[in-house]
Structures are given as structure tokens and as C-alpha cells.
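S.K.: Questions regarding the structure given below will be posed in turn.
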Amino acid sequence: MLRYTVNRILLMIPTLLGVAVLIFFMLRVVPGDIVEVKLRGDGGSVTQETIEAERKRLGLDKPWHEQFVGWMVGVATLDLGISMWTERPVVEEMALRLELSLEVAILATIFAVLIAVPLGTLAALFRDTWIDYLMRIMTIGGISIPSFWFGMIIMLSLLALFNWLPPITFTSIYEDPIANLTQLIWPALAVGYRYCAVAARMIRSSLLEVLNEDYIRTARAKGVFERLVISRHALRNALLPAITVIGLEFTFLIGGLVVTEQVFNLNGIGQLFVQSVARNDFTLIQGMVMLIAGFYVLVNLGIDLLYAVFDPRIRYE
């Protein structure tokens with residue numbers, strides 16, 4: 001198990017290195033100049049000398065290889081540089097919004113797991129009954145309905161039925177947990193519906209496949225209680241594909257809720273991504289890409305370790 005964990009951790013290094021190299025050079029070939037946008041974007045009139053001086057101050061006049069070496073040294077030391085637009089540390093800019101996006105992702109994951117596991121299990125155990133049909137309708141709706149549209153329906157329903165809307169200003173959970181949950185539970189519910197639908201369908205499909213395996217028939221033939229057959233033998237193996245889906249969906253929620261954040265007026269990582277791209281803020285984009293990539297590799301590491309927990313064959317190998 002230790003060797004398995006070490007191998008997975010070592011595989012994270014070339015992945016992050018490849019992401020750092022790709023994002024650096026891809027941004028340099030994209031048209032646009034942050035200095036032009038910053039100084040002339042609102043119709044401002046500045047001289048070319050001022051433009052060149054600002055480029056020199058930001059280090060954009062250096063050759064690519066020098067900029068790349070500085071960037072890689074910063075990544076290795078967890079110093080992602082200074083935002084070219086706000087001139088604040090990139091780490092500080094991301095930290096201000098990461099708490100919000102991370103909390104929405106965690107709440108949506110809790111909601112999805114608590115609903116998807118029993119829902120998918122019941123649908124598989126009562127296949128082709130009204131329970132299964134109801135589950136299919138609910139999950140197809142969750143997959144088909146865009147999260148931002150469902151969020152708008154939630155907002156309009158709260159306004160029409162209770163004349164109430166969530167607070168606009170974000171309140172940290174450390175300051176006021178009630179106000180924090182009051183604001184973030186609704187976007188978490190909006191994105192968690194689709195999240196739950198995907199996971200439930202995966203669990204149903206996997207469990208149906210596992211229930212037809214020989215070891216399940218053997219356990220039943222030995223007289224093992226049906227509840228133990230389902231919980232210890234079938235469901236444990238059926239959860240492996242679902243764990244992968246849940247992990248990938250969680251990392252997507254960290255930076256992929258741009259429109260949903262706009263609906264609920266949340267200033268999260270998704271909004272920051274859009275703003276940095278619109279401004280050609282290279283250092284901020286690079287930092288956020290590395291942040292999302294870091295979450296992906298860490299979540300994948302957690303998924304691999306959970307595989308070893310649920311599947312003893314991995315531990316034995």
C-alpha cells in the first residue's frame with residue numbers, strides 16, 4: 001500500500017510540470033497585450049514610450065526563456081507572481097475567492113453523495129419497477145437541465161413564494177455560519193442536482209453489472225443475507241466507477257461554475273477566470289490553471305487511494 005501511494009504521488013510531478021509548460025507557452029501565442037488593454041482599454045491616450053516602460057516594469061520585454069525560468073522557479077517555491085492587472089500577489093487574489101468556490105463544491109458533493117448512493121442502489125435493486133422509472137426521470141432531468149437555469153428557477157421561486165432572496169454580500173462561514181449557509185446552499189443545490197443525477201446513473205449501471213457476477217450468486221447460494229450481499233459485496237465494487245465520477249465532478253465545480261456564480265452573484269474562481277482572460281492577465285491565468293490542475297491531481301490521488309480501500313486486489317498487488 002505504501003509503495004502504491006508513493007508511485008501515485010510521484011506521478012503528480014510530471015503532470016503538474018507538463019501543465020506549467022503548456023499554459024506558459026500557449027498564453028504567449030494568444031493575440032493581445034495586457035499593457036495595451038490596461039492603459040488604452042477605456043480609450044486612454046498614452047505614448048508608445050509609456051507602453052514600453054510598463055512592459056519593461058512587468059518583465060514582458062524579456063525573452064521567453066527568461067520569463068519561463070522565472071515562472072518555473074516561482075512554481076517550485078509556490079510563488080505564482082504578481083497579477084499584471086491588480087498588481088497584487090496571485091496567491092492572495094485566488095485565496096479571496098477559493099473559500100467560496102470550495103465551499104460550494106463541498107456542499108454540492110455532500111448533497112449529491114447523500115442522494116445518489118441510495119437512489120442509484122434502489123433503482124438497481126428494483127429494476128424496471130416504478131421506483132426505477134421515477135429515478136430515471138429525475139436523473140434525466142438533472143442531466144438535461146443546465147445548472148444556471150435551475151439556479152434561476154430557485155431564485156425566482158424563493159422570491160415569488162417567500163419574497164426572499166439570499167444575501168448579496170458573501171459572509172465567511174467562520175464569521176456567521178447561518179448567513180453563510182443561507183447564501184451558498186442554493187447554488188450548491190442547483191449544481192448538486194446535476195451532480196447527483198450523473199452519480200446516481202453511474203451507481204445504478206455499475207450495480208446492475210456487479211449483481212450478475214459469479215461471486216454474487218455464490219454468496220447468495222451460501223445463504224448470506226441479502227443485505228450483506230448488497231452492502232459488502234455488490235455495492236462496494238459498484239462504487240468504484242462512481243467514485244471516479246464524483247471526484248471529477250468535484251474538481252470541475254472548483255472553477256467551472258462561471259454562469260452559476262453570475263446567477264447567484266458569487267465572486268468565485270470561475271468569475272476570476274473570466275476576468276483574467278478578458279484582461280490577458282498572464283500571471284493570474286497561469287496561477288489559476290495551476291490551482292485547478294493541482295486540485296485535479298490531488299483528487300485523482302484520493303480516488304486512487306479509495307480504490308485501494310474498496311478493492312483489496314489493489315492492496316495485494
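By convention here, the chains of the C-alpha cells are called A, B, ... in the order presented, each chain's residues are numbered starting at 1, and ligands are numbered starting at 1 in the order presented.
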As a PDB file with C-alpha atoms, in the first residue's frame, please: the residues near Arg136 in chain A (cut-off 12 Å, only C-alpha atoms, same-chain neighbours under 3 positions excluded).

M.R.:
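Once everything was written out, this is selection.pdb:
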```pdb
ATOM      1  CA  ALA A 116     -27.152   9.479  -5.366  1.00  0.00           C
ATOM      2  CA  LEU A 119     -31.203   6.465  -5.207  1.00  0.00           C
ATOM      3  CA  GLY A 120     -28.928   4.542  -7.573  1.00  0.00           C
ATOM      4  CA  LEU A 122     -32.763   1.361  -5.085  1.00  0.00           C
ATOM      5  CA  ALA A 123     -33.093   1.834  -8.842  1.00  0.00           C
ATOM      6  CA  ALA A 124     -30.804  -1.144  -9.465  1.00  0.00           C
ATOM      7  CA  ARG A 127     -35.098  -2.605 -11.827  1.00  0.00           C
ATOM      8  CA  ASP A 128     -37.950  -1.893 -14.262  1.00  0.00           C
ATOM      9  CA  THR A 129     -40.356  -1.007 -11.474  1.00  0.00           C
ATOM     10  CA  TRP A 130     -41.950   2.365 -10.760  1.00  0.00           C
ATOM     11  CA  ILE A 131     -39.022   3.191  -8.449  1.00  0.00           C
ATOM     12  CA  ASP A 132     -36.566   2.684 -11.299  1.00  0.00           C
ATOM     13  CA  TYR A 133     -38.697   4.685 -13.734  1.00  0.00           C
ATOM     14  CA  THR A 139     -31.768  11.815 -13.302  1.00  0.00           C
ATOM     15  CA  ILE A 140     -32.542  12.598 -16.934  1.00  0.00           C
ATOM     16  CA  GLY A 141     -33.962  15.907 -15.743  1.00  0.00           C
ATOM     17  CA  GLY A 142     -30.831  16.599 -13.717  1.00  0.00           C
ATOM     18  CA  ILE A 143     -28.563  15.892 -16.673  1.00  0.00           C
ATOM     19  CA  SER A 144     -30.711  17.849 -19.141  1.00  0.00           C
ATOM     20  CA  ALA A 197     -28.038  12.681 -11.419  1.00  0.00           C
ATOM     21  CA  VAL A 198     -24.724  11.702 -13.005  1.00  0.00           C
ATOM     22  CA  ALA A 200     -26.877   8.012  -9.434  1.00  0.00           C
ATOM     23  CA  ARG A 201     -26.988   6.747 -13.003  1.00  0.00           C
ATOM     24  CA  MET A 202     -23.408   5.547 -12.720  1.00  0.00           C
ATOM     25  CA  ARG A 204     -27.256   2.079 -10.967  1.00  0.00           C
ATOM     26  CA  SER A 205     -25.397   0.913 -14.065  1.00  0.00           C
TER      27      SER A 205
END
```

S.K.: Which polymer residues have any atom within 6 Å of an atom of range 231-243 of chain A, counting only C-alpha atoms, with same-chain residues fewer than 2 positions away left out, as a CSV table (one decimal) with N, CA and C atoms, in the first residue's frame?

M.R.:
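Output below, filename part_33.csv:
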```csv
chain,number,residue,atom,x,y,z
A,199,ALA,N,-24.0,10.8,-10.8
A,199,ALA,CA,-23.5,9.8,-9.9
A,199,ALA,C,-24.6,8.7,-9.7
A,202,MET,N,-24.6,6.4,-12.7
A,202,MET,CA,-23.4,5.5,-12.7
A,202,MET,C,-23.5,4.4,-11.7
A,203,ILE,N,-24.0,4.7,-10.5
A,203,ILE,CA,-24.2,3.7,-9.5
A,203,ILE,C,-25.2,2.6,-9.9
A,206,SER,N,-23.5,0.4,-12.6
A,206,SER,CA,-22.4,-0.4,-12.1
A,206,SER,C,-23.0,-1.5,-11.2
A,207,LEU,N,-24.0,-1.2,-10.4
A,207,LEU,CA,-24.6,-2.2,-9.5
A,207,LEU,C,-25.3,-3.3,-10.3
A,210,VAL,N,-22.6,-5.6,-11.5
A,210,VAL,CA,-22.0,-6.4,-10.4
A,210,VAL,C,-22.9,-7.5,-10.0
A,228,LEU,N,-26.4,-8.2,3.4
A,228,LEU,CA,-24.9,-8.2,3.4
A,228,LEU,C,-24.4,-8.4,2.0
A,229,VAL,N,-25.1,-9.2,1.2
A,229,VAL,CA,-24.7,-9.4,-0.2
A,229,VAL,C,-24.6,-8.0,-0.9
A,245,VAL,N,-16.3,9.4,-11.0
A,245,VAL,CA,-17.2,10.5,-11.5
A,245,VAL,C,-17.4,11.5,-10.4
A,246,ILE,N,-17.6,11.1,-9.2
A,246,ILE,CA,-17.7,12.1,-8.1
A,246,ILE,C,-16.5,13.0,-7.9
```

S.K.: Any chance you could tabulate, as CSV, the residues of range 180-265 of chain A at most 9 Å from range 104-109 of chain A with each one's nearest atom pair and distance in Å to one decimal, using only C-alpha atoms, in chain and rising number order?

M.R.:
```
residue,atom,partner,partner_atom,distance
A:Leu184,CA,A:Val104,CA,6.2
A:Ile185,CA,A:Leu107,CA,7.1
A:Pro187,CA,A:Val104,CA,7.0
A:Ala188,CA,A:Ala108,CA,4.5
A:Leu189,CA,A:Ala108,CA,6.2
A:Ala190,CA,A:Ala108,CA,8.2
A:Val191,CA,A:Ala108,CA,6.5
A:Gly192,CA,A:Ala108,CA,4.4
A:Tyr193,CA,A:Ala108,CA,8.1
A:Tyr195,CA,A:Thr109,CA,7.5
A:Cys196,CA,A:Thr109,CA,8.2
A:Ile246,CA,A:Thr109,CA,7.5
A:Gly247,CA,A:Thr109,CA,9.0
A:Glu249,CA,A:Thr109,CA,8.4
A:Phe250,CA,A:Ala105,CA,6.0
A:Thr251,CA,A:Ala105,CA,8.0
A:Phe252,CA,A:Ala105,CA,8.6
A:Leu253,CA,A:Ala105,CA,5.4
A:Ile254,CA,A:Ala105,CA,6.2
```

S.K.: Given the selection you just returned, output its residues as a file containing N, CA and C atoms, formatted as an mmCIF file, in the first residue's frame.

M.R.:
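To be explicit, this is the file written out as part-v4.cif:
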```
data_model
loop_
_atom_site.group_PDB
_atom_site.id
_atom_site.type_symbol
_atom_site.label_atom_id
_atom_site.label_comp_id
_atom_site.auth_asym_id
_atom_site.auth_seq_id
_atom_site.Cartn_x
_atom_site.Cartn_y
_atom_site.Cartn_z
ATOM 1 N N LEU A 184 -25.057 30.086 0.358
ATOM 2 C CA LEU A 184 -24.400 29.119 -0.527
ATOM 3 C C LEU A 184 -25.168 27.818 -0.715
ATOM 4 N N ILE A 185 -26.180 27.553 0.103
ATOM 5 C CA ILE A 185 -26.906 26.287 -0.032
ATOM 6 C C ILE A 185 -27.676 26.240 -1.344
ATOM 7 N N PRO A 187 -26.924 27.809 -4.504
ATOM 8 C CA PRO A 187 -26.076 27.417 -5.641
ATOM 9 C C PRO A 187 -25.570 25.991 -5.531
ATOM 10 N N ALA A 188 -25.304 25.527 -4.293
ATOM 11 C CA ALA A 188 -24.885 24.134 -4.124
ATOM 12 C C ALA A 188 -25.997 23.178 -4.535
ATOM 13 N N LEU A 189 -27.238 23.518 -4.234
ATOM 14 C CA LEU A 189 -28.376 22.690 -4.633
ATOM 15 C C LEU A 189 -28.543 22.707 -6.147
ATOM 16 N N ALA A 190 -28.338 23.883 -6.765
ATOM 17 C CA ALA A 190 -28.503 23.997 -8.218
ATOM 18 C C ALA A 190 -27.502 23.127 -8.970
ATOM 19 N N VAL A 191 -26.247 23.174 -8.580
ATOM 20 C CA VAL A 191 -25.231 22.362 -9.261
ATOM 21 C C VAL A 191 -25.226 20.930 -8.751
ATOM 22 N N GLY A 192 -25.681 20.730 -7.510
ATOM 23 C CA GLY A 192 -25.700 19.381 -6.947
ATOM 24 C C GLY A 192 -26.750 18.497 -7.583
ATOM 25 N N TYR A 193 -27.800 19.076 -8.154
ATOM 26 C CA TYR A 193 -28.832 18.271 -8.813
ATOM 27 C C TYR A 193 -28.255 17.506 -9.999
ATOM 28 N N TYR A 195 -25.056 16.970 -10.523
ATOM 29 C CA TYR A 195 -24.016 16.140 -9.907
ATOM 30 C C TYR A 195 -24.626 14.831 -9.400
ATOM 31 N N CYS A 196 -25.746 14.940 -8.690
ATOM 32 C CA CYS A 196 -26.436 13.784 -8.146
ATOM 33 C C CYS A 196 -26.954 12.879 -9.258
ATOM 34 N N ILE A 246 -17.569 11.132 -9.156
ATOM 35 C CA ILE A 246 -17.746 12.103 -8.070
ATOM 36 C C ILE A 246 -16.502 12.976 -7.924
ATOM 37 N N GLY A 247 -15.322 12.357 -8.007
ATOM 38 C CA GLY A 247 -14.091 13.130 -7.879
ATOM 39 C C GLY A 247 -13.905 14.124 -9.012
ATOM 40 N N GLU A 249 -16.256 15.416 -10.950
ATOM 41 C CA GLU A 249 -17.265 16.463 -10.850
ATOM 42 C C GLU A 249 -16.892 17.478 -9.776
ATOM 43 N N PHE A 250 -16.312 17.012 -8.683
ATOM 44 C CA PHE A 250 -15.913 17.925 -7.609
ATOM 45 C C PHE A 250 -14.866 18.921 -8.097
ATOM 46 N N THR A 251 -13.849 18.427 -8.814
ATOM 47 C CA THR A 251 -12.814 19.342 -9.306
ATOM 48 C C THR A 251 -13.365 20.300 -10.358
ATOM 49 N N PHE A 252 -14.333 19.838 -11.141
ATOM 50 C CA PHE A 252 -14.958 20.743 -12.112
ATOM 51 C C PHE A 252 -15.663 21.898 -11.416
ATOM 52 N N LEU A 253 -16.285 21.628 -10.281
ATOM 53 C CA LEU A 253 -17.038 22.668 -9.580
ATOM 54 C C LEU A 253 -16.138 23.767 -9.034
ATOM 55 N N ILE A 254 -14.851 23.483 -8.848
ATOM 56 C CA ILE A 254 -13.954 24.500 -8.291
ATOM 57 C C ILE A 254 -13.845 25.709 -9.219
#
```

S.K.: Restrict the calculation to only C-alpha atoms, then for each residue of range 5-106 of chain A with any atom at most 10 Å from an atom of range 170-182 of chain A give the closest atom pair and their distance in Å to one decimal, rows by chain and rising residue number, as a Markdown table.

M.R.:
```
| residue | atom | partner | partner_atom | distance |
| --- | --- | --- | --- | --- |
| A:Glu99 | CA | A:Ser172 | CA | 8.1 |
| A:Leu100 | CA | A:Ser172 | CA | 8.0 |
| A:Glu103 | CA | A:Ile173 | CA | 9.1 |
| A:Val104 | CA | A:Leu181 | CA | 9.5 |
```

S.K.: Keeping only N, CA and C atoms, take the residues you just selected and write them out as an mmCIF file, in the first residue's frame.

M.R.:
```cif
data_model
loop_
_atom_site.group_PDB
_atom_site.id
_atom_site.type_symbol
_atom_site.label_atom_id
_atom_site.label_comp_id
_atom_site.auth_asym_id
_atom_site.auth_seq_id
_atom_site.Cartn_x
_atom_site.Cartn_y
_atom_site.Cartn_z
ATOM 1 N N GLU A 99 -12.224 30.166 -1.083
ATOM 2 C CA GLU A 99 -13.079 29.712 0.013
ATOM 3 C C GLU A 99 -14.514 29.553 -0.453
ATOM 4 N N LEU A 100 -15.000 30.524 -1.221
ATOM 5 C CA LEU A 100 -16.382 30.482 -1.697
ATOM 6 C C LEU A 100 -16.591 29.302 -2.645
ATOM 7 N N GLU A 103 -16.298 25.887 -0.916
ATOM 8 C CA GLU A 103 -17.431 25.549 -0.060
ATOM 9 C C GLU A 103 -18.645 25.125 -0.876
ATOM 10 N N VAL A 104 -18.894 25.816 -1.995
ATOM 11 C CA VAL A 104 -19.998 25.412 -2.877
ATOM 12 C C VAL A 104 -19.772 23.998 -3.400
#
```

S.K.: Using only C-alpha atoms, pick whichever of A:Leu134, A:Glu226, A:Tyr4, A:Leu10 has the shortest atom-to-atom distance to Val309 in chain A.

M.R.: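 Going through A:Leu134, A:Glu226, A:Tyr4, A:Leu10 one by one, the smallest distance to Val309 in chain A is for A:Tyr4.
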
S.K.: Looking at A:Gly268, A:Gly74, A:Gly255, A:Gly151, which one is nearest to Tyr296 in chain A, with distances taken over only C-alpha atoms?

M.R.: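 Closest residue, counting only C-alpha atoms: A:Gly255.
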
S.K.: Identify, with DSSP run on backbone atoms, the residues in range 131-206 of chain A assigned to alpha helix (DSSP H), and express the list as number ranges by chain.

M.R.: A: 131-144, 147-162, 177-206

S.K.: State, in Å with one decimal place, the distance from CA of Val29 in chain A to CA of Leu11 in chain A.

M.R.: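 Separation between CA of Val29 in chain A and CA of Leu11 in chain A: 28.4 Å.
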
S.K.: Please provide as a PyMOL selection string all residues within 6 Å of range 272-289 of chain A, with the sequence filter that same-chain residues fewer than 6 positions apart are discarded (counting only C-alpha atoms).

M.R.: chain A and resi 34+80+83-84+90

S.K.: Using Å and a single decimal, report how far CA of Glu66 in chain A sits from CA of Met26 in chain A.

M.R.: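 Between CA of Met26 in chain A and CA of Glu66 in chain A the gap is 15.9 Å.
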
S.K.: By how many Å are CA of Thr86 in chain A and CA of Pro167 in chain A apart?

M.R.: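 One can read the CA of Thr86 in chain A to CA of Pro167 in chain A distance as 26.7 Å.
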
S.K.: For Leu301 in chain A, please output as a list in words all residues within 12 Å (counting only C-alpha atoms; exclusion window: fewer than 5 positions along the same chain).

M.R.: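 Once the nearby chain positions are removed, what remains is Tyr4, Thr5, Val6, Asn7, Arg8, Ile9, Leu10, Leu11, Met12, Ile13, Ile243, Thr244, Gly247, Leu248, Gly294, Phe295, Tyr296, Leu306, Tyr307 and Ala308 of chain A.
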